[in-house]
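*Asks:* Please see the structure below; I have some questions.
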Amino acid sequence: MRVGLLTREFPPDVYGGAGVHVEFLARELRTLVDLQVHTWMSRGAPDGQPGVWRHRADEALSDANESLRALSIDLSMAAAVAGSDLIHSHTWYANMGGHIAKLLHGVPHVMTAHSLEPLRPWKAEQLAGGYTLSSWAERTAIEAADAVIAVSHGMRKDILSCYPALDSARVHVVHNGIDTELYRPDPDSDVPERHGVDGGRPYVLFVGRITRQKGVPHLLRAARRLDPSVQLVLCAGAPDTPAIDQEFRALVDELRELRDGVIWIPQMLPRPEVVGLLSRAAVFVCPSVYEPLGIVNLEAMACGAPVVASAVGGIPEVVDDAVTGLLVPYEEKDPDAFEAALADALGRVIADPPAARRMGQAGRERAVREFGWDAIARRTVTVYEELLR
């Protein structure tokens, strides 16, 4: 079976959960199918990487809206996958390439939904008029896809709610995964100290992009309520827009005026350093307001960190409340209540180290048992096989 995998993100250019998903899924799929990866051109990408084709936007669109540049890459991808038995696309940046390839080459199109444009209205800040175009591209591709893979049951529900014209029988759940050999506890790591963390004080860790989706402003306001002995480590970069960047910086400055121990690491760290930070965190926090699954929670659990996370989207399918961490209800209309509850949950975990260790151990065991990439790749191939019968 020859599969064309279409994606915006692929190593070395991985900046979000969708990119992590594609990286590890592709690794495992190569053992099961003849896989050809088609991705965006990126700086530092290795030349002649076997099985990987990199595409760039049409030069005539160098000053155009990013959504138009994405669609030009989609056209290049669609042309390049001739001869494939099946196309599998990831995120709206590549979905239209899969849809066009389906029409052009007469092969099935599978798309994995990592998020949904109708549930991310703040993207209009980033894409301007391109958000209308990205929404059209997603709707067109998803409603015509032969199969849609949702990364959680919560995501499946959202897909069918946003796109009621889609036949529910076409929507399959295949969870995100985690490599528990790469993400494993490293309690002797000196990474925290190298980034200015006081090793004698507990710290709350956030890892993620500076976006509306990740709920970082809620965390920064909640942190005002934490015990003064607790540090907050923000491994946060790649702001979506100048506005959200400004807001984030202002909130960090305000928090630093109230307390010490606020460490901001603005660059995206290499995986081993993230593992070092996760392994020694008193608690990992995920304050997302929208999260189809939240692969970062799996990364934290695999490193033995207890997790405090908002109970949105697919997060409750990963974080077992009161077992591997604590879930905090999120209500958009009452942000103050969410921030207070977030601070309370973080404080409860930090105040009870034995319980936190039990949660961390249970999280590691759950990650190993239920979220291995090999099993996820096999479930994905099962979807392919059903379409090609």
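Going by the structure tokens order, chains are called A, B, ..., each with residues numbered from 1, while ligands are numbered from 1 in the order shown.
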Counting only C-alpha atoms, what are the residues of region 213-266 of chain A within 12 Å of region 122-137 of chain A, and for each of them which pair of atoms is the nearest and at what distance in Å, to one decimal? Sort the table by chain and rising number, as CSV.
*Replies:*
residue,atom,partner,partner_atom,distance
A:Gln213,CA,A:Trp122,CA,8.2
A:Lys214,CA,A:Trp122,CA,11.6
A:Gly215,CA,A:Trp122,CA,12.0
A:Pro239,CA,A:Gln126,CA,9.8
A:Asp240,CA,A:Gln126,CA,6.1
A:Thr241,CA,A:Gln126,CA,5.7
A:Pro242,CA,A:Gln126,CA,9.0
A:Ala243,CA,A:Glu125,CA,8.5
A:Ile244,CA,A:Glu125,CA,9.3
A:Asp245,CA,A:Gln126,CA,11.7
*Asks:* Per DSSP on the backbone, filter region 16-210 of chain A down to the residues in strand (DSSP E or B) and report them as a PyMOL selection string.
*Replies:* chain A and resi 34-40+52-55+86-90+109-113+147-150+171-173+178+203-209
*Asks:* May I have the residues within 10 Å of Ile149 (chain A) as a PyMOL selection string, using only C-alpha atoms and disregarding those fewer than 4 positions away in the same chain?
*Replies:* chain A and resi 88+90+110-114+155-156+159+170-175+380+383
*Asks:* List the neighbours of region 307-311 of chain A out to 7 Å using only C-alpha atoms; skip same-chain residues closer than 5 positions along the sequence, and give me the result as a tab-separated table (two decimals) with N, CA and C atoms, in the first residue's frame.
*Replies:*
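Once everything was written out, this is result13.tsv:
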chain	number	residue	atom	x	y	z
A	283	VAL	N	4.51	19.93	39.41
A	283	VAL	CA	3.25	19.71	38.71
A	283	VAL	C	3.33	20.35	37.33
A	284	PHE	N	2.75	19.71	36.37
A	284	PHE	CA	2.64	20.27	35.03
A	284	PHE	C	1.24	20.85	34.88
A	285	VAL	N	1.13	22.00	34.20
A	285	VAL	CA	-0.18	22.63	34.07
A	285	VAL	C	-0.53	22.84	32.60
A	286	CYS	N	-1.77	22.54	32.26
A	286	CYS	CA	-2.29	22.74	30.91
A	286	CYS	C	-3.62	23.50	31.04
A	287	PRO	N	-3.58	24.83	30.91
A	287	PRO	CA	-4.79	25.65	31.11
A	287	PRO	C	-5.56	25.91	29.83
A	288	SER	N	-5.47	25.04	28.84
A	288	SER	CA	-6.07	25.27	27.53
A	288	SER	C	-7.57	25.52	27.61
A	297	ASN	N	0.14	16.84	27.56
A	297	ASN	CA	-0.19	16.17	28.82
A	297	ASN	C	0.36	14.74	28.85
A	316	PRO	N	-9.87	15.07	29.22
A	316	PRO	CA	-10.31	14.05	30.19
A	316	PRO	C	-10.10	12.61	29.72
A	324	THR	N	-4.17	10.49	37.81
A	324	THR	CA	-2.92	10.96	37.20
A	324	THR	C	-2.77	12.47	37.32
A	325	GLY	N	-3.75	13.10	37.90
A	325	GLY	CA	-3.72	14.55	38.07
A	325	GLY	C	-5.09	15.06	38.46
A	326	LEU	N	-5.31	16.35	38.27
A	326	LEU	CA	-6.59	16.97	38.60
A	326	LEU	C	-7.12	17.74	37.40
A	327	LEU	N	-8.42	17.62	37.16
A	327	LEU	CA	-9.08	18.34	36.09
A	327	LEU	C	-9.85	19.52	36.66
A	328	VAL	N	-9.79	20.64	35.95
A	328	VAL	CA	-10.45	21.87	36.40
A	328	VAL	C	-11.50	22.27	35.37
A	329	PRO	N	-12.77	22.36	35.75
A	329	PRO	CA	-13.81	22.76	34.79
A	329	PRO	C	-13.53	24.17	34.25
A	330	TYR	N	-13.77	24.33	32.96
A	330	TYR	CA	-13.57	25.64	32.33
A	330	TYR	C	-14.91	26.17	31.85
A	345	ALA	N	-6.20	23.91	42.51
A	345	ALA	CA	-5.76	22.56	42.14
A	345	ALA	C	-4.24	22.45	42.15
A	346	LEU	N	-3.55	23.47	41.61
A	346	LEU	CA	-2.09	23.47	41.64
A	346	LEU	C	-1.58	23.45	43.08
*Asks:* When you count only C-alpha atoms, which of these residues is closest to Ala145 (chain A): A:Ile87, A:Val230, A:Ala79, A:Leu104?
*Replies:*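 Using only C-alpha atoms, Ala145 (chain A) sits closest to A:Ile87.
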*Asks:* Need to verify the contact set: Ala223 (chain A), 9 Å, only C-alpha atoms, exclusion of same-chain residues closer than 5 positions in sequence. Can you return it as a list in words?
*Replies:* His218, Leu232, Leu255, Glu339, Leu342 and Ala343 of chain A
*Asks:* Go through A:Arg280, A:Arg120, A:Arg209, A:Arg221 and flag the residue nearest Val197 (chain A), using only C-alpha atoms for the distances.
*Replies:*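 Smallest distance to Val197 (chain A) is found for A:Arg280.
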*Asks:* I need the residue nearest Gly196 (chain A) from this list: A:Leu219, A:Ala70, A:Ile265, A:Ala236. Use only C-alpha atoms for the distance.
*Replies:*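 Result for the nearest residue to Gly196 (chain A): A:Ile265.
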*Asks:* A:Arg357, A:Arg378, A:Arg271, A:Arg2: which is nearest Val191 (chain A), counting only C-alpha atoms?
*Replies:*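 Distance minimum relative to Val191 (chain A) lands on A:Arg271.
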*Asks:* Taking only C-alpha atoms into account, name the residue in A:Leu61, A:Leu68, A:Ala340, A:Leu6 that is nearest to Thr91 (chain A).
*Replies:* A:Leu6
*Asks:* Quick check, in Å to one decimal: how far apart do CA of Ala355 (chain A) and CA of Gly154 (chain A) lie?
*Replies:*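 A separation of 28.1 Å between them.
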*Asks:* Would you give me, as CSV, each residue of region 193-271 of chain A having an atom within 9 Å of an atom of region 7-25 of chain A, along with its shortest atom pair and that distance in Å to one decimal, using only C-alpha atoms and sorting by chain and residue number?
*Replies:*
residue,atom,partner,partner_atom,distance
A:Gly208,CA,A:Gly16,CA,7.8
A:Arg209,CA,A:Gly16,CA,7.6
A:Ala238,CA,A:Tyr15,CA,8.1
A:Met268,CA,A:Tyr15,CA,7.9
*Asks:* Considering only C-alpha atoms, can you say which of A:Asp146, A:Glu138, A:Asp63, A:Asp186 comes closest to Asn95 (chain A)?
*Replies:*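 Checking each of A:Asp146, A:Glu138, A:Asp63, A:Asp186 against Asn95 (chain A), counting only C-alpha atoms, the winner is A:Glu138.
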*Asks:* If you run DSSP on this backbone, which residues of region 68-226 of chain A come out as alpha helix (DSSP H), and could you give them as a ChimeraX atom specification?
*Replies:* /A:68-80,92-105,123-127,130-144,153-162,191-194,216-222
*Asks:* So the first atom is CA of Ala302 (chain A) and the second is CA of Ala362 (chain A); what is the distance between them in Å, to one decimal place?
*Replies:* 9.5 Å
*Asks:* Neighbouring residues of region 274-279 of chain A were defined as those with any atom within 12 Å, considering only C-alpha atoms; residues of the same chain fewer than 4 positions away were excluded. Please report them as a PyMOL selection string.
*Replies:* chain A and resi 179-197+199+202-208+232-236+265+267-270+283-285+296-307+357+360-361+364
*Asks:* Any chance you could export the current selection's C-alpha atoms as an mmCIF file, in the first residue's frame?
*Replies:*
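New file selection.cif:
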data_model
loop_
_atom_site.group_PDB
_atom_site.id
_atom_site.type_symbol
_atom_site.label_atom_id
_atom_site.label_comp_id
_atom_site.auth_asym_id
_atom_site.auth_seq_id
_atom_site.Cartn_x
_atom_site.Cartn_y
_atom_site.Cartn_z
ATOM 1 C CA ASP A 179 7.030 7.614 22.697
ATOM 2 C CA THR A 180 7.645 6.501 26.265
ATOM 3 C CA GLU A 181 11.287 5.740 25.559
ATOM 4 C CA LEU A 182 12.042 9.312 24.490
ATOM 5 C CA TYR A 183 9.736 10.733 27.159
ATOM 6 C CA ARG A 184 10.725 9.048 30.392
ATOM 7 C CA PRO A 185 11.633 10.329 33.876
ATOM 8 C CA ASP A 186 15.052 11.935 34.190
ATOM 9 C CA PRO A 187 15.125 12.943 37.875
ATOM 10 C CA ASP A 188 18.851 13.738 37.880
ATOM 11 C CA SER A 189 18.608 16.286 35.069
ATOM 12 C CA ASP A 190 20.306 19.648 35.648
ATOM 13 C CA VAL A 191 18.198 21.353 32.974
ATOM 14 C CA PRO A 192 16.060 23.365 35.460
ATOM 15 C CA GLU A 193 19.107 24.918 37.120
ATOM 16 C CA ARG A 194 20.670 25.743 33.754
ATOM 17 C CA HIS A 195 17.587 27.817 33.002
ATOM 18 C CA GLY A 196 17.647 29.681 36.293
ATOM 19 C CA VAL A 197 15.274 27.519 38.350
ATOM 20 C CA GLY A 199 16.376 23.462 42.616
ATOM 21 C CA PRO A 202 8.973 23.392 43.801
ATOM 22 C CA TYR A 203 7.919 24.652 40.398
ATOM 23 C CA VAL A 204 4.818 24.613 38.220
ATOM 24 C CA LEU A 205 5.691 24.020 34.565
ATOM 25 C CA PHE A 206 3.898 25.164 31.421
ATOM 26 C CA VAL A 207 5.108 24.068 27.974
ATOM 27 C CA GLY A 208 3.375 25.393 24.886
ATOM 28 C CA LEU A 232 6.392 29.231 37.794
ATOM 29 C CA VAL A 233 8.394 28.073 34.767
ATOM 30 C CA LEU A 234 6.999 29.102 31.396
ATOM 31 C CA CYS A 235 8.529 27.273 28.460
ATOM 32 C CA ALA A 236 6.527 29.391 26.042
ATOM 33 C CA ILE A 265 12.095 30.429 28.624
ATOM 34 C CA GLN A 267 12.770 29.641 22.893
ATOM 35 C CA MET A 268 11.448 26.249 21.831
ATOM 36 C CA LEU A 269 13.763 23.830 23.642
ATOM 37 C CA PRO A 270 15.174 20.564 22.279
ATOM 38 C CA VAL A 283 3.245 19.707 38.711
ATOM 39 C CA PHE A 284 2.640 20.272 35.026
ATOM 40 C CA VAL A 285 -0.180 22.632 34.068
ATOM 41 C CA VAL A 296 1.693 17.741 25.903
ATOM 42 C CA ASN A 297 -0.190 16.168 28.824
ATOM 43 C CA LEU A 298 0.912 12.745 27.604
ATOM 44 C CA GLU A 299 4.494 13.991 27.453
ATOM 45 C CA ALA A 300 4.260 15.194 31.049
ATOM 46 C CA MET A 301 2.677 11.958 32.240
ATOM 47 C CA ALA A 302 5.316 9.867 30.474
ATOM 48 C CA CYS A 303 7.967 11.836 32.388
ATOM 49 C CA GLY A 304 6.237 11.114 35.698
ATOM 50 C CA ALA A 305 4.787 14.565 36.336
ATOM 51 C CA PRO A 306 1.331 14.976 37.904
ATOM 52 C CA VAL A 307 -0.920 17.082 35.678
ATOM 53 C CA ARG A 357 4.335 11.158 43.311
ATOM 54 C CA GLY A 360 3.072 10.917 38.487
ATOM 55 C CA GLN A 361 3.686 7.180 38.668
ATOM 56 C CA ARG A 364 3.628 7.135 33.495
#
*Asks:* Please, what distance in Å, to one decimal, runs between CA of Val319 (chain A) and CA of Leu293 (chain A)?
*Replies:*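 CA of Leu293 (chain A) lies at a distance of 9.9 Å from CA of Val319 (chain A).
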*Asks:* With a distance cut-off of 6 Å and only C-alpha atoms, select the neighbouring residues of region 27-38 of chain A, excluding the residue or stretch itself and same-chain residues fewer than 2 positions from it, and output the selection as a ChimeraX atom specification.
*Replies:* /A:1-6,24-25,51-54,374,377
*Asks:* How would the residues just picked look written out with C-alpha atoms as a short mmCIF file (atom, residue, chain, number, x, y, z; two decimals), in the first residue's frame?
*Replies:*
data_model
loop_
_atom_site.label_atom_id
_atom_site.label_comp_id
_atom_site.auth_asym_id
_atom_site.auth_seq_id
_atom_site.Cartn_x
_atom_site.Cartn_y
_atom_site.Cartn_z
CA MET A 1 0.00 0.00 0.00
CA ARG A 2 1.49 3.34 -1.08
CA VAL A 3 0.39 6.23 1.15
CA GLY A 4 0.99 9.93 0.56
CA LEU A 5 1.14 11.75 3.90
CA LEU A 6 0.52 15.53 3.62
CA PHE A 24 5.93 9.75 15.34
CA LEU A 25 3.03 8.39 13.30
CA GLY A 51 10.78 9.32 1.59
CA VAL A 52 10.30 13.04 2.26
CA TRP A 53 9.40 15.68 -0.36
CA ARG A 54 9.42 19.36 0.60
CA ASP A 374 2.96 1.36 17.42
CA ALA A 377 -0.16 3.30 13.69
#
